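All remarks here apply to the structure that follows.
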Amino acid sequence: MTRSIRPLVAGNWKMNGLKADLAIAAEVAKGYDAEFAGAVDLAICPPASLLYPTSVALIGSRIATGGQDCSTQASGAFTGEISAAMLADAGGTFAIVGHSERRTLHGESNATVKAKAEAAQKARIVPIVCVGETKDEREAGKALAMVKKQLRGSLPEGSTAATLVVAYEPVWAIGTGLTPTAADVAEMHEAIRTELARLLGKAAAAGVRLLYGGSVKPSNAAELMNVANVDGALVGGASLKAGDFLAIARACA
Ligand code: 13P
């Protein structure tokens with residue numbers, strides 16, 4: 001954790017969730033508001049079909065909502081795309097961009113991710129820009145270099161602590177139950193903070209929240225969240241269980 005930074009725990013539901021699952025959001029809100037709304041920020045990023053109803057279900061709670069992607073474009077003939085303004089209109093305040101599943105399955109380049117992050121900022125949505133190395137890159141000793149390259153290519157110039165969140169998600173740790181050691185996370189997050197200072201200036205870099213993502217669970221959250229320069233988590237599978245998601249938030253608070 002970074003003492004001066006308020007942690008953020010964001011749940012990425014990915015392509016999971018039907019109307020009945022709004023009950024998960026309601027249950028998270030109940031536990032969150034009762035226990036630690038003062039100590040940690042929470043966000044739920046459901047599939048696009050559930051963004052508006054999730055935002056409505058969370059009215060009265062301090063939990064934020066967000067999208068899992070957004071278009072580089074503001075509007076127009078882009079079938080299947082969702083603009084950042086549409087996310088905002090549906091109550092969202094965050095947009096995950098550059099998730100490894102988008103980079104890999106949809107061929108998104110750093111330039112595309114940057115354009116999406118810029119489009120989000122233009123609509124006053126805070127992009128959660130994801131970066132992370134593959135297993136091969138880690139084993140070849142190239143993890144730090146790859147992530148720095150992604151940061152250089154993906155982050156909008158002029159981003160500040162209020163307009164940007166960065167999530168480090170090692171591709172090989174996503175959905176696998178594997179996690180890097182605390183020492184590896186510490187090394188990476190420090191390198192990210194240093195690179196941010198170079199790209200955005202010291203003041204911005206000191207305040208940008210750096211989330212760790214990849215197989216975060218109640219059983220490992222305390223260890224991962226205690227690492228220096230880890231300011232919260234981006235949670236996949238465990239965010240679909242209210243109890244687990246709250247337990248992870250508790251580890252941050
Ligand atoms: P898991 O927590 O299921 O490993 O997913 C992480 C992730 O991709 C969040 O964006």
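In the structure tokens, chains take the letters A, B, ... in the order shown, each chain's residues start at 1, and ligands count up from 1 in the order shown.
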Per residue of chain A within 10 Å of ligand 1, which atom pair is closest and at what distance in Å (one decimal), using only C-alpha atoms and all ligand atoms, listed by chain and increasing number, as CSV?
residue,atom,partner,partner_atom_place_in_ligand_line,distance
A:Ala10,CA,ligand 1,9 (C),8.4
A:Gly11,CA,ligand 1,9 (C),7.1
A:Asn12,CA,ligand 1,10 (O),5.2
A:Trp13,CA,ligand 1,9 (C),8.0
A:Lys14,CA,ligand 1,10 (O),7.6
A:Cys45,CA,ligand 1,10 (O),9.5
A:Gln68,CA,ligand 1,10 (O),8.7
A:Ile96,CA,ligand 1,10 (O),8.0
A:Val97,CA,ligand 1,10 (O),9.8
A:Gly98,CA,ligand 1,10 (O),9.9
A:His99,CA,ligand 1,10 (O),6.6
A:Ser100,CA,ligand 1,8 (O),7.4
A:Glu101,CA,ligand 1,8 (O),7.7
A:Ile128,CA,ligand 1,10 (O),9.8
A:Cys130,CA,ligand 1,10 (O),8.0
A:Ala167,CA,ligand 1,10 (O),8.3
A:Tyr168,CA,ligand 1,10 (O),9.4
A:Glu169,CA,ligand 1,8 (O),6.8
A:Pro170,CA,ligand 1,8 (O),8.9
A:Val171,CA,ligand 1,8 (O),8.0
A:Trp172,CA,ligand 1,4 (O),9.0
A:Ala173,CA,ligand 1,4 (O),6.1
A:Ile174,CA,ligand 1,4 (O),3.6
A:Gly175,CA,ligand 1,4 (O),3.5
A:Thr176,CA,ligand 1,4 (O),6.2
A:Gly177,CA,ligand 1,4 (O),6.7
A:Leu178,CA,ligand 1,4 (O),8.3
A:Thr179,CA,ligand 1,4 (O),8.9
A:Tyr212,CA,ligand 1,9 (C),8.9
A:Gly213,CA,ligand 1,6 (C),5.1
A:Gly214,CA,ligand 1,4 (O),3.9
A:Ser215,CA,ligand 1,4 (O),3.5
A:Val216,CA,ligand 1,2 (O),5.2
A:Lys217,CA,ligand 1,2 (O),7.3
A:Ala233,CA,ligand 1,9 (C),8.4
A:Leu234,CA,ligand 1,9 (C),5.0
A:Val235,CA,ligand 1,2 (O),4.3
A:Gly236,CA,ligand 1,2 (O),3.4
A:Gly237,CA,ligand 1,3 (O),3.7
A:Ala238,CA,ligand 1,2 (O),6.0
A:Ser239,CA,ligand 1,2 (O),7.6
A:Leu240,CA,ligand 1,3 (O),9.4
When you look at A:Val185 with a cut-off of 12 Å (counting only C-alpha atoms), what residues show up, excluding the ones that are within fewer than 2 positions of it in the same chain? I need them as a PDB file with all heavy atoms, in the first residue's frame.
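The result, written out as out-v2.pdb:
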ATOM      1  N   MET A   1       0.839  -1.204   0.000  1.00  0.00           N
ATOM      2  CA  MET A   1       0.000   0.000   0.000  1.00  0.00           C
ATOM      3  C   MET A   1       0.873   1.252   0.000  1.00  0.00           C
ATOM      4  O   MET A   1       1.987   1.233   0.480  1.00  0.00           O
ATOM      5  CB  MET A   1      -0.854   0.024   1.272  1.00  0.00           C
ATOM      6  CG  MET A   1      -1.919  -1.051   1.306  1.00  0.00           C
ATOM      7  SD  MET A   1      -3.376  -0.494   0.452  1.00  0.00           S
ATOM      8  CE  MET A   1      -3.637  -1.761  -0.679  1.00  0.00           C
ATOM      9  N   GLY A 132       0.862  -5.852 -18.581  1.00  0.00           N
ATOM     10  CA  GLY A 132       1.348  -7.091 -17.961  1.00  0.00           C
ATOM     11  C   GLY A 132       2.037  -7.969 -18.981  1.00  0.00           C
ATOM     12  O   GLY A 132       1.676  -7.969 -20.162  1.00  0.00           O
ATOM     13  N   ALA A 143      10.133  -9.086 -18.387  1.00  0.00           N
ATOM     14  CA  ALA A 143       8.858  -8.579 -17.850  1.00  0.00           C
ATOM     15  C   ALA A 143       8.886  -7.063 -17.660  1.00  0.00           C
ATOM     16  O   ALA A 143       7.983  -6.348 -18.103  1.00  0.00           O
ATOM     17  CB  ALA A 143       8.521  -9.281 -16.539  1.00  0.00           C
ATOM     18  N   LEU A 144       9.933  -6.552 -17.011  1.00  0.00           N
ATOM     19  CA  LEU A 144       9.986  -5.109 -16.725  1.00  0.00           C
ATOM     20  C   LEU A 144      10.028  -4.302 -18.018  1.00  0.00           C
ATOM     21  O   LEU A 144       9.311  -3.302 -18.163  1.00  0.00           O
ATOM     22  CB  LEU A 144      11.209  -4.772 -15.861  1.00  0.00           C
ATOM     23  CG  LEU A 144      11.204  -5.306 -14.421  1.00  0.00           C
ATOM     24  CD1 LEU A 144      12.537  -4.994 -13.748  1.00  0.00           C
ATOM     25  CD2 LEU A 144      10.064  -4.727 -13.615  1.00  0.00           C
ATOM     26  N   ALA A 167      -3.359  -0.775 -13.941  1.00  0.00           N
ATOM     27  CA  ALA A 167      -3.449  -2.114 -13.349  1.00  0.00           C
ATOM     28  C   ALA A 167      -2.369  -3.008 -13.942  1.00  0.00           C
ATOM     29  O   ALA A 167      -2.277  -3.146 -15.168  1.00  0.00           O
ATOM     30  CB  ALA A 167      -4.827  -2.716 -13.610  1.00  0.00           C
ATOM     31  N   TYR A 168      -1.541  -3.572 -13.056  1.00  0.00           N
ATOM     32  CA  TYR A 168      -0.545  -4.549 -13.494  1.00  0.00           C
ATOM     33  C   TYR A 168      -1.163  -5.938 -13.374  1.00  0.00           C
ATOM     34  O   TYR A 168      -1.479  -6.384 -12.274  1.00  0.00           O
ATOM     35  CB  TYR A 168       0.720  -4.453 -12.636  1.00  0.00           C
ATOM     36  CG  TYR A 168       1.651  -5.633 -12.838  1.00  0.00           C
ATOM     37  CD1 TYR A 168       2.133  -5.944 -14.111  1.00  0.00           C
ATOM     38  CD2 TYR A 168       2.032  -6.440 -11.769  1.00  0.00           C
ATOM     39  CE1 TYR A 168       2.972  -7.038 -14.309  1.00  0.00           C
ATOM     40  CE2 TYR A 168       2.881  -7.529 -11.961  1.00  0.00           C
ATOM     41  CZ  TYR A 168       3.340  -7.821 -13.231  1.00  0.00           C
ATOM     42  OH  TYR A 168       4.156  -8.904 -13.424  1.00  0.00           O
ATOM     43  N   GLU A 169      -1.357  -6.567 -14.520  1.00  0.00           N
ATOM     44  CA  GLU A 169      -1.930  -7.910 -14.538  1.00  0.00           C
ATOM     45  C   GLU A 169      -1.036  -8.826 -15.367  1.00  0.00           C
ATOM     46  O   GLU A 169      -1.133  -8.827 -16.605  1.00  0.00           O
ATOM     47  CB  GLU A 169      -3.331  -7.888 -15.162  1.00  0.00           C
ATOM     48  CG  GLU A 169      -4.346  -7.059 -14.412  1.00  0.00           C
ATOM     49  CD  GLU A 169      -5.775  -7.543 -14.661  1.00  0.00           C
ATOM     50  OE1 GLU A 169      -6.170  -7.687 -15.835  1.00  0.00           O
ATOM     51  OE2 GLU A 169      -6.481  -7.790 -13.694  1.00  0.00           O
ATOM     52  N   PRO A 170      -0.170  -9.596 -14.712  1.00  0.00           N
ATOM     53  CA  PRO A 170       0.636 -10.541 -15.478  1.00  0.00           C
ATOM     54  C   PRO A 170      -0.300 -11.525 -16.186  1.00  0.00           C
ATOM     55  O   PRO A 170      -1.176 -12.107 -15.538  1.00  0.00           O
ATOM     56  CB  PRO A 170       1.478 -11.257 -14.417  1.00  0.00           C
ATOM     57  CG  PRO A 170       1.150 -10.657 -13.095  1.00  0.00           C
ATOM     58  CD  PRO A 170       0.002  -9.714 -13.259  1.00  0.00           C
ATOM     59  N   ALA A 173      -0.986 -14.913 -14.798  1.00  0.00           N
ATOM     60  CA  ALA A 173      -1.614 -15.006 -13.478  1.00  0.00           C
ATOM     61  C   ALA A 173      -3.130 -14.860 -13.558  1.00  0.00           C
ATOM     62  O   ALA A 173      -3.832 -15.067 -12.569  1.00  0.00           O
ATOM     63  CB  ALA A 173      -1.047 -13.931 -12.546  1.00  0.00           C
ATOM     64  N   THR A 179       0.191 -16.644  -8.882  1.00  0.00           N
ATOM     65  CA  THR A 179       0.489 -15.229  -8.643  1.00  0.00           C
ATOM     66  C   THR A 179       2.000 -15.045  -8.573  1.00  0.00           C
ATOM     67  O   THR A 179       2.722 -15.977  -8.214  1.00  0.00           O
ATOM     68  CB  THR A 179      -0.115 -14.718  -7.305  1.00  0.00           C
ATOM     69  OG1 THR A 179       0.287 -15.605  -6.256  1.00  0.00           O
ATOM     70  CG2 THR A 179      -1.618 -14.646  -7.347  1.00  0.00           C
ATOM     71  N   PRO A 180       2.475 -13.852  -8.908  1.00  0.00           N
ATOM     72  CA  PRO A 180       3.903 -13.581  -8.727  1.00  0.00           C
ATOM     73  C   PRO A 180       4.218 -13.545  -7.234  1.00  0.00           C
ATOM     74  O   PRO A 180       3.308 -13.392  -6.418  1.00  0.00           O
ATOM     75  CB  PRO A 180       4.099 -12.196  -9.347  1.00  0.00           C
ATOM     76  CG  PRO A 180       2.778 -11.754  -9.865  1.00  0.00           C
ATOM     77  CD  PRO A 180       1.730 -12.676  -9.386  1.00  0.00           C
ATOM     78  N   THR A 181       5.483 -13.656  -6.890  1.00  0.00           N
ATOM     79  CA  THR A 181       5.864 -13.509  -5.482  1.00  0.00           C
ATOM     80  C   THR A 181       5.692 -12.039  -5.091  1.00  0.00           C
ATOM     81  O   THR A 181       5.669 -11.148  -5.949  1.00  0.00           O
ATOM     82  CB  THR A 181       7.346 -13.873  -5.271  1.00  0.00           C
ATOM     83  OG1 THR A 181       8.132 -12.936  -6.024  1.00  0.00           O
ATOM     84  CG2 THR A 181       7.648 -15.296  -5.732  1.00  0.00           C
ATOM     85  N   ALA A 182       5.591 -11.815  -3.793  1.00  0.00           N
ATOM     86  CA  ALA A 182       5.475 -10.434  -3.310  1.00  0.00           C
ATOM     87  C   ALA A 182       6.677  -9.615  -3.774  1.00  0.00           C
ATOM     88  O   ALA A 182       6.552  -8.442  -4.134  1.00  0.00           O
ATOM     89  CB  ALA A 182       5.361 -10.426  -1.787  1.00  0.00           C
ATOM     90  N   ALA A 183       7.833 -10.243  -3.816  1.00  0.00           N
ATOM     91  CA  ALA A 183       9.043  -9.523  -4.248  1.00  0.00           C
ATOM     92  C   ALA A 183       8.945  -9.118  -5.719  1.00  0.00           C
ATOM     93  O   ALA A 183       9.342  -8.005  -6.095  1.00  0.00           O
ATOM     94  CB  ALA A 183      10.283 -10.396  -4.020  1.00  0.00           C
ATOM     95  N   GLU A 187       8.882  -5.306  -7.131  1.00  0.00           N
ATOM     96  CA  GLU A 187       9.827  -4.837  -8.160  1.00  0.00           C
ATOM     97  C   GLU A 187       9.078  -4.192  -9.331  1.00  0.00           C
ATOM     98  O   GLU A 187       9.433  -3.108  -9.802  1.00  0.00           O
ATOM     99  CB  GLU A 187      10.671  -6.021  -8.660  1.00  0.00           C
ATOM    100  CG  GLU A 187      11.714  -5.625  -9.692  1.00  0.00           C
ATOM    101  CD  GLU A 187      12.428  -6.832 -10.291  1.00  0.00           C
ATOM    102  OE1 GLU A 187      11.754  -7.855 -10.567  1.00  0.00           O
ATOM    103  OE2 GLU A 187      13.648  -6.757 -10.491  1.00  0.00           O
ATOM    104  N   MET A 188       8.004  -4.875  -9.763  1.00  0.00           N
ATOM    105  CA  MET A 188       7.255  -4.365 -10.913  1.00  0.00           C
ATOM    106  C   MET A 188       6.545  -3.057 -10.577  1.00  0.00           C
ATOM    107  O   MET A 188       6.585  -2.094 -11.352  1.00  0.00           O
ATOM    108  CB  MET A 188       6.244  -5.416 -11.386  1.00  0.00           C
ATOM    109  CG  MET A 188       5.444  -4.985 -12.599  1.00  0.00           C
ATOM    110  SD  MET A 188       6.473  -4.681 -14.067  1.00  0.00           S
ATOM    111  CE  MET A 188       6.752  -6.365 -14.644  1.00  0.00           C
ATOM    112  N   HIS A 189       5.899  -3.010  -9.432  1.00  0.00           N
ATOM    113  CA  HIS A 189       5.143  -1.793  -9.097  1.00  0.00           C
ATOM    114  C   HIS A 189       6.073  -0.593  -8.877  1.00  0.00           C
ATOM    115  O   HIS A 189       5.723   0.535  -9.210  1.00  0.00           O
ATOM    116  CB  HIS A 189       4.222  -2.042  -7.895  1.00  0.00           C
ATOM    117  CG  HIS A 189       2.921  -2.684  -8.296  1.00  0.00           C
ATOM    118  ND1 HIS A 189       1.688  -2.140  -8.051  1.00  0.00           N
ATOM    119  CD2 HIS A 189       2.697  -3.836  -8.979  1.00  0.00           C
ATOM    120  CE1 HIS A 189       0.746  -2.929  -8.559  1.00  0.00           C
ATOM    121  NE2 HIS A 189       1.325  -3.972  -9.112  1.00  0.00           N
ATOM    122  N   GLU A 190       7.245  -0.859  -8.337  1.00  0.00           N
ATOM    123  CA  GLU A 190       8.195   0.247  -8.193  1.00  0.00           C
ATOM    124  C   GLU A 190       8.657   0.733  -9.569  1.00  0.00           C
ATOM    125  O   GLU A 190       8.753   1.935  -9.828  1.00  0.00           O
ATOM    126  CB  GLU A 190       9.406  -0.195  -7.358  1.00  0.00           C
ATOM    127  CG  GLU A 190      10.268   0.992  -6.993  1.00  0.00           C
ATOM    128  CD  GLU A 190      11.565   0.621  -6.287  1.00  0.00           C
ATOM    129  OE1 GLU A 190      11.724  -0.554  -5.895  1.00  0.00           O
ATOM    130  OE2 GLU A 190      12.411   1.516  -6.153  1.00  0.00           O
ATOM    131  N   ALA A 191       8.881  -0.230 -10.470  1.00  0.00           N
ATOM    132  CA  ALA A 191       9.306   0.142 -11.831  1.00  0.00           C
ATOM    133  C   ALA A 191       8.204   0.927 -12.538  1.00  0.00           C
ATOM    134  O   ALA A 191       8.479   1.886 -13.272  1.00  0.00           O
ATOM    135  CB  ALA A 191       9.650  -1.123 -12.626  1.00  0.00           C
ATOM    136  N   ILE A 192       6.950   0.534 -12.297  1.00  0.00           N
ATOM    137  CA  ILE A 192       5.830   1.253 -12.926  1.00  0.00           C
ATOM    138  C   ILE A 192       5.765   2.686 -12.385  1.00  0.00           C
ATOM    139  O   ILE A 192       5.624   3.652 -13.136  1.00  0.00           O
ATOM    140  CB  ILE A 192       4.495   0.508 -12.683  1.00  0.00           C
ATOM    141  CG1 ILE A 192       4.478  -0.828 -13.440  1.00  0.00           C
ATOM    142  CG2 ILE A 192       3.304   1.375 -13.110  1.00  0.00           C
ATOM    143  CD1 ILE A 192       3.286  -1.728 -13.130  1.00  0.00           C
ATOM    144  N   LEU A 210      -2.009   2.242  -8.454  1.00  0.00           N
ATOM    145  CA  LEU A 210      -1.453   1.086  -9.172  1.00  0.00           C
ATOM    146  C   LEU A 210      -2.094  -0.171  -8.596  1.00  0.00           C
ATOM    147  O   LEU A 210      -1.796  -0.557  -7.460  1.00  0.00           O
ATOM    148  CB  LEU A 210       0.070   1.010  -8.997  1.00  0.00           C
ATOM    149  CG  LEU A 210       0.888   2.266  -9.333  1.00  0.00           C
ATOM    150  CD1 LEU A 210       2.380   1.967  -9.214  1.00  0.00           C
ATOM    151  CD2 LEU A 210       0.555   2.752 -10.739  1.00  0.00           C
ATOM    152  N   LEU A 211      -2.965  -0.781  -9.384  1.00  0.00           N
ATOM    153  CA  LEU A 211      -3.654  -1.981  -8.920  1.00  0.00           C
ATOM    154  C   LEU A 211      -2.879  -3.225  -9.344  1.00  0.00           C
ATOM    155  O   LEU A 211      -2.248  -3.239 -10.399  1.00  0.00           O
ATOM    156  CB  LEU A 211      -5.067  -2.057  -9.502  1.00  0.00           C
ATOM    157  CG  LEU A 211      -5.932  -0.789  -9.436  1.00  0.00           C
ATOM    158  CD1 LEU A 211      -7.346  -1.112  -9.938  1.00  0.00           C
ATOM    159  CD2 LEU A 211      -5.978  -0.224  -8.030  1.00  0.00           C
ATOM    160  N   TYR A 212      -2.962  -4.250  -8.513  1.00  0.00           N
ATOM    161  CA  TYR A 212      -2.453  -5.551  -8.945  1.00  0.00           C
ATOM    162  C   TYR A 212      -3.659  -6.412  -9.328  1.00  0.00           C
ATOM    163  O   TYR A 212      -4.671  -6.419  -8.609  1.00  0.00           O
ATOM    164  CB  TYR A 212      -1.642  -6.266  -7.833  1.00  0.00           C
ATOM    165  CG  TYR A 212      -1.439  -7.708  -8.248  1.00  0.00           C
ATOM    166  CD1 TYR A 212      -0.433  -8.038  -9.162  1.00  0.00           C
ATOM    167  CD2 TYR A 212      -2.317  -8.709  -7.837  1.00  0.00           C
ATOM    168  CE1 TYR A 212      -0.307  -9.332  -9.636  1.00  0.00           C
ATOM    169  CE2 TYR A 212      -2.195 -10.008  -8.312  1.00  0.00           C
ATOM    170  CZ  TYR A 212      -1.192 -10.307  -9.212  1.00  0.00           C
ATOM    171  OH  TYR A 212      -1.087 -11.590  -9.718  1.00  0.00           O
ATOM    172  N   GLY A 213      -3.568  -7.150 -10.414  1.00  0.00           N
ATOM    173  CA  GLY A 213      -4.629  -8.076 -10.807  1.00  0.00           C
ATOM    174  C   GLY A 213      -4.054  -9.387 -11.296  1.00  0.00           C
ATOM    175  O   GLY A 213      -2.960  -9.439 -11.865  1.00  0.00           O
ATOM    176  N   GLY A 214      -4.812 -10.460 -11.081  1.00  0.00           N
ATOM    177  CA  GLY A 214      -4.373 -11.800 -11.495  1.00  0.00           C
ATOM    178  C   GLY A 214      -4.486 -12.758 -10.334  1.00  0.00           C
ATOM    179  O   GLY A 214      -3.631 -12.765  -9.455  1.00  0.00           O
ATOM    180  N   GLU A 223      -1.435 -10.476   1.611  1.00  0.00           N
ATOM    181  CA  GLU A 223      -0.014 -10.463   1.240  1.00  0.00           C
ATOM    182  C   GLU A 223       0.234  -9.546   0.030  1.00  0.00           C
ATOM    183  O   GLU A 223       1.145  -8.710   0.043  1.00  0.00           O
ATOM    184  CB  GLU A 223       0.466 -11.886   0.918  1.00  0.00           C
ATOM    185  CG  GLU A 223       1.979 -11.927   0.739  1.00  0.00           C
ATOM    186  CD  GLU A 223       2.495 -13.263   0.222  1.00  0.00           C
ATOM    187  OE1 GLU A 223       1.690 -14.151  -0.113  1.00  0.00           O
ATOM    188  OE2 GLU A 223       3.733 -13.391   0.131  1.00  0.00           O
ATOM    189  N   LEU A 224      -0.612  -9.659  -0.984  1.00  0.00           N
ATOM    190  CA  LEU A 224      -0.405  -8.856  -2.191  1.00  0.00           C
ATOM    191  C   LEU A 224      -0.659  -7.373  -1.931  1.00  0.00           C
ATOM    192  O   LEU A 224       0.063  -6.504  -2.430  1.00  0.00           O
ATOM    193  CB  LEU A 224      -1.329  -9.355  -3.311  1.00  0.00           C
ATOM    194  CG  LEU A 224      -0.966 -10.728  -3.897  1.00  0.00           C
ATOM    195  CD1 LEU A 224      -2.128 -11.299  -4.699  1.00  0.00           C
ATOM    196  CD2 LEU A 224       0.288 -10.622  -4.772  1.00  0.00           C
ATOM    197  N   MET A 225      -1.682  -7.078  -1.125  1.00  0.00           N
ATOM    198  CA  MET A 225      -2.044  -5.676  -0.896  1.00  0.00           C
ATOM    199  C   MET A 225      -1.066  -4.971   0.043  1.00  0.00           C
ATOM    200  O   MET A 225      -1.039  -3.755   0.108  1.00  0.00           O
ATOM    201  CB  MET A 225      -3.481  -5.565  -0.359  1.00  0.00           C
ATOM    202  CG  MET A 225      -4.537  -6.033  -1.348  1.00  0.00           C
ATOM    203  SD  MET A 225      -4.479  -5.154  -2.925  1.00  0.00           S
ATOM    204  CE  MET A 225      -3.976  -6.424  -4.057  1.00  0.00           C
ATOM    205  N   ASN A 226      -0.286  -5.748   0.766  1.00  0.00           N
ATOM    206  CA  ASN A 226       0.695  -5.146   1.663  1.00  0.00           C
ATOM    207  C   ASN A 226       1.989  -4.760   0.971  1.00  0.00           C
ATOM    208  O   ASN A 226       2.878  -4.162   1.574  1.00  0.00           O
ATOM    209  CB  ASN A 226       0.997  -6.087   2.828  1.00  0.00           C
ATOM    210  CG  ASN A 226       0.019  -5.856   3.965  1.00  0.00           C
ATOM    211  OD1 ASN A 226      -0.384  -4.716   4.218  1.00  0.00           O
ATOM    212  ND2 ASN A 226      -0.395  -6.924   4.622  1.00  0.00           N
ATOM    213  N   VAL A 227       2.109  -5.124  -0.297  1.00  0.00           N
ATOM    214  CA  VAL A 227       3.329  -4.820  -1.038  1.00  0.00           C
ATOM    215  C   VAL A 227       3.399  -3.309  -1.309  1.00  0.00           C
ATOM    216  O   VAL A 227       2.378  -2.682  -1.611  1.00  0.00           O
ATOM    217  CB  VAL A 227       3.340  -5.607  -2.373  1.00  0.00           C
ATOM    218  CG1 VAL A 227       4.490  -5.171  -3.258  1.00  0.00           C
ATOM    219  CG2 VAL A 227       3.388  -7.110  -2.104  1.00  0.00           C
ATOM    220  N   ALA A 228       4.582  -2.748  -1.206  1.00  0.00           N
ATOM    221  CA  ALA A 228       4.766  -1.319  -1.477  1.00  0.00           C
ATOM    222  C   ALA A 228       4.319  -0.988  -2.902  1.00  0.00           C
ATOM    223  O   ALA A 228       4.553  -1.776  -3.828  1.00  0.00           O
ATOM    224  CB  ALA A 228       6.235  -0.948  -1.310  1.00  0.00           C
ATOM    225  N   ASN A 229       3.679   0.157  -3.056  1.00  0.00           N
ATOM    226  CA  ASN A 229       3.211   0.637  -4.360  1.00  0.00           C
ATOM    227  C   ASN A 229       2.048  -0.162  -4.945  1.00  0.00           C
ATOM    228  O   ASN A 229       1.701   0.013  -6.110  1.00  0.00           O
ATOM    229  CB  ASN A 229       4.351   0.702  -5.396  1.00  0.00           C
ATOM    230  CG  ASN A 229       5.313   1.817  -5.093  1.00  0.00           C
ATOM    231  OD1 ASN A 229       4.905   2.972  -4.969  1.00  0.00           O
ATOM    232  ND2 ASN A 229       6.581   1.482  -4.929  1.00  0.00           N
ATOM    233  N   VAL A 230       1.443  -1.036  -4.168  1.00  0.00           N
ATOM    234  CA  VAL A 230       0.194  -1.685  -4.588  1.00  0.00           C
ATOM    235  C   VAL A 230      -0.939  -0.932  -3.896  1.00  0.00           C
ATOM    236  O   VAL A 230      -1.015  -0.905  -2.678  1.00  0.00           O
ATOM    237  CB  VAL A 230       0.163  -3.183  -4.217  1.00  0.00           C
ATOM    238  CG1 VAL A 230      -1.202  -3.781  -4.521  1.00  0.00           C
ATOM    239  CG2 VAL A 230       1.253  -3.929  -4.985  1.00  0.00           C
ATOM    240  N   ASP A 231      -1.785  -0.292  -4.715  1.00  0.00           N
ATOM    241  CA  ASP A 231      -2.824   0.586  -4.163  1.00  0.00           C
ATOM    242  C   ASP A 231      -4.214   0.016  -4.392  1.00  0.00           C
ATOM    243  O   ASP A 231      -5.187   0.770  -4.548  1.00  0.00           O
ATOM    244  CB  ASP A 231      -2.723   1.981  -4.799  1.00  0.00           C
ATOM    245  CG  ASP A 231      -1.292   2.506  -4.774  1.00  0.00           C
ATOM    246  OD1 ASP A 231      -0.669   2.451  -3.701  1.00  0.00           O
ATOM    247  OD2 ASP A 231      -0.805   2.936  -5.835  1.00  0.00           O
TER     248      ASP A 231
END
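Picture a line from atom CA of A:Thr54 to atom CA of A:Ala25; it runs 6.9 Å.
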>> Please extract the residues of stretch 67-223 of chain A with a backbone DSSP assignment of strand (DSSP E or B) and present them as a ChimeraX atom specification.
In response: /A:67,94-97,126-131,165-168,209-213
Can I get the selection written as a compact mmCIF listing (two decimals), in the first residue's frame, with N, CA, C and O atoms?
# COMPACT_ATOMS: atom_id res chain seq x y z
N GLY A 67 -17.20 0.41 -17.15
CA GLY A 67 -17.25 -0.50 -18.28
C GLY A 67 -15.97 -1.33 -18.35
O GLY A 67 -14.99 -1.05 -17.65
N PHE A 94 -15.64 4.59 -14.42
CA PHE A 94 -14.37 3.96 -14.83
C PHE A 94 -14.56 3.20 -16.13
O PHE A 94 -15.68 2.81 -16.46
N ALA A 95 -13.47 2.98 -16.85
CA ALA A 95 -13.47 2.04 -17.99
C ALA A 95 -12.15 1.28 -17.96
O ALA A 95 -11.08 1.90 -17.97
N ILE A 96 -12.25 -0.03 -17.88
CA ILE A 96 -11.04 -0.84 -18.03
C ILE A 96 -10.65 -0.76 -19.51
O ILE A 96 -11.51 -0.92 -20.38
N VAL A 97 -9.41 -0.45 -19.80
CA VAL A 97 -8.96 -0.48 -21.20
C VAL A 97 -7.63 -1.23 -21.29
O VAL A 97 -6.83 -1.23 -20.35
N VAL A 126 -12.62 7.61 -15.89
CA VAL A 126 -11.23 7.31 -15.53
C VAL A 126 -10.84 5.95 -16.12
O VAL A 126 -11.44 4.92 -15.76
N PRO A 127 -9.87 5.93 -17.04
CA PRO A 127 -9.46 4.64 -17.58
C PRO A 127 -8.60 3.86 -16.59
O PRO A 127 -7.75 4.44 -15.91
N ILE A 128 -8.88 2.58 -16.49
CA ILE A 128 -8.01 1.67 -15.74
C ILE A 128 -7.20 0.95 -16.81
O ILE A 128 -7.68 0.03 -17.46
N VAL A 129 -5.99 1.44 -17.05
CA VAL A 129 -5.17 0.93 -18.15
C VAL A 129 -4.41 -0.31 -17.67
O VAL A 129 -3.64 -0.24 -16.70
N CYS A 130 -4.63 -1.42 -18.36
CA CYS A 130 -4.00 -2.69 -17.95
C CYS A 130 -2.72 -2.95 -18.73
O CYS A 130 -2.66 -2.73 -19.95
N VAL A 131 -1.74 -3.42 -18.01
CA VAL A 131 -0.46 -3.83 -18.60
C VAL A 131 -0.03 -5.14 -17.94
O VAL A 131 -0.51 -5.47 -16.86
N VAL A 165 -5.88 5.33 -13.68
CA VAL A 165 -5.53 4.21 -12.81
C VAL A 165 -4.76 3.22 -13.69
O VAL A 165 -5.09 3.05 -14.86
N VAL A 166 -3.72 2.63 -13.14
CA VAL A 166 -2.95 1.62 -13.89
C VAL A 166 -3.11 0.29 -13.17
O VAL A 166 -3.04 0.22 -11.94
N ALA A 167 -3.36 -0.78 -13.94
CA ALA A 167 -3.45 -2.11 -13.35
C ALA A 167 -2.37 -3.01 -13.94
O ALA A 167 -2.28 -3.15 -15.17
N TYR A 168 -1.54 -3.57 -13.06
CA TYR A 168 -0.54 -4.55 -13.49
C TYR A 168 -1.16 -5.94 -13.37
O TYR A 168 -1.48 -6.38 -12.27
N ARG A 209 -3.14 5.50 -8.80
CA ARG A 209 -3.33 4.22 -8.13
C ARG A 209 -2.86 3.07 -9.03
O ARG A 209 -3.26 2.97 -10.18
N LEU A 210 -2.01 2.24 -8.45
CA LEU A 210 -1.45 1.09 -9.17
C LEU A 210 -2.09 -0.17 -8.60
O LEU A 210 -1.80 -0.56 -7.46
N LEU A 211 -2.96 -0.78 -9.38
CA LEU A 211 -3.65 -1.98 -8.92
C LEU A 211 -2.88 -3.22 -9.34
O LEU A 211 -2.25 -3.24 -10.40
N TYR A 212 -2.96 -4.25 -8.51
CA TYR A 212 -2.45 -5.55 -8.94
C TYR A 212 -3.66 -6.41 -9.33
O TYR A 212 -4.67 -6.42 -8.61
N GLY A 213 -3.57 -7.15 -10.41
CA GLY A 213 -4.63 -8.08 -10.81
C GLY A 213 -4.05 -9.39 -11.30
O GLY A 213 -2.96 -9.44 -11.87
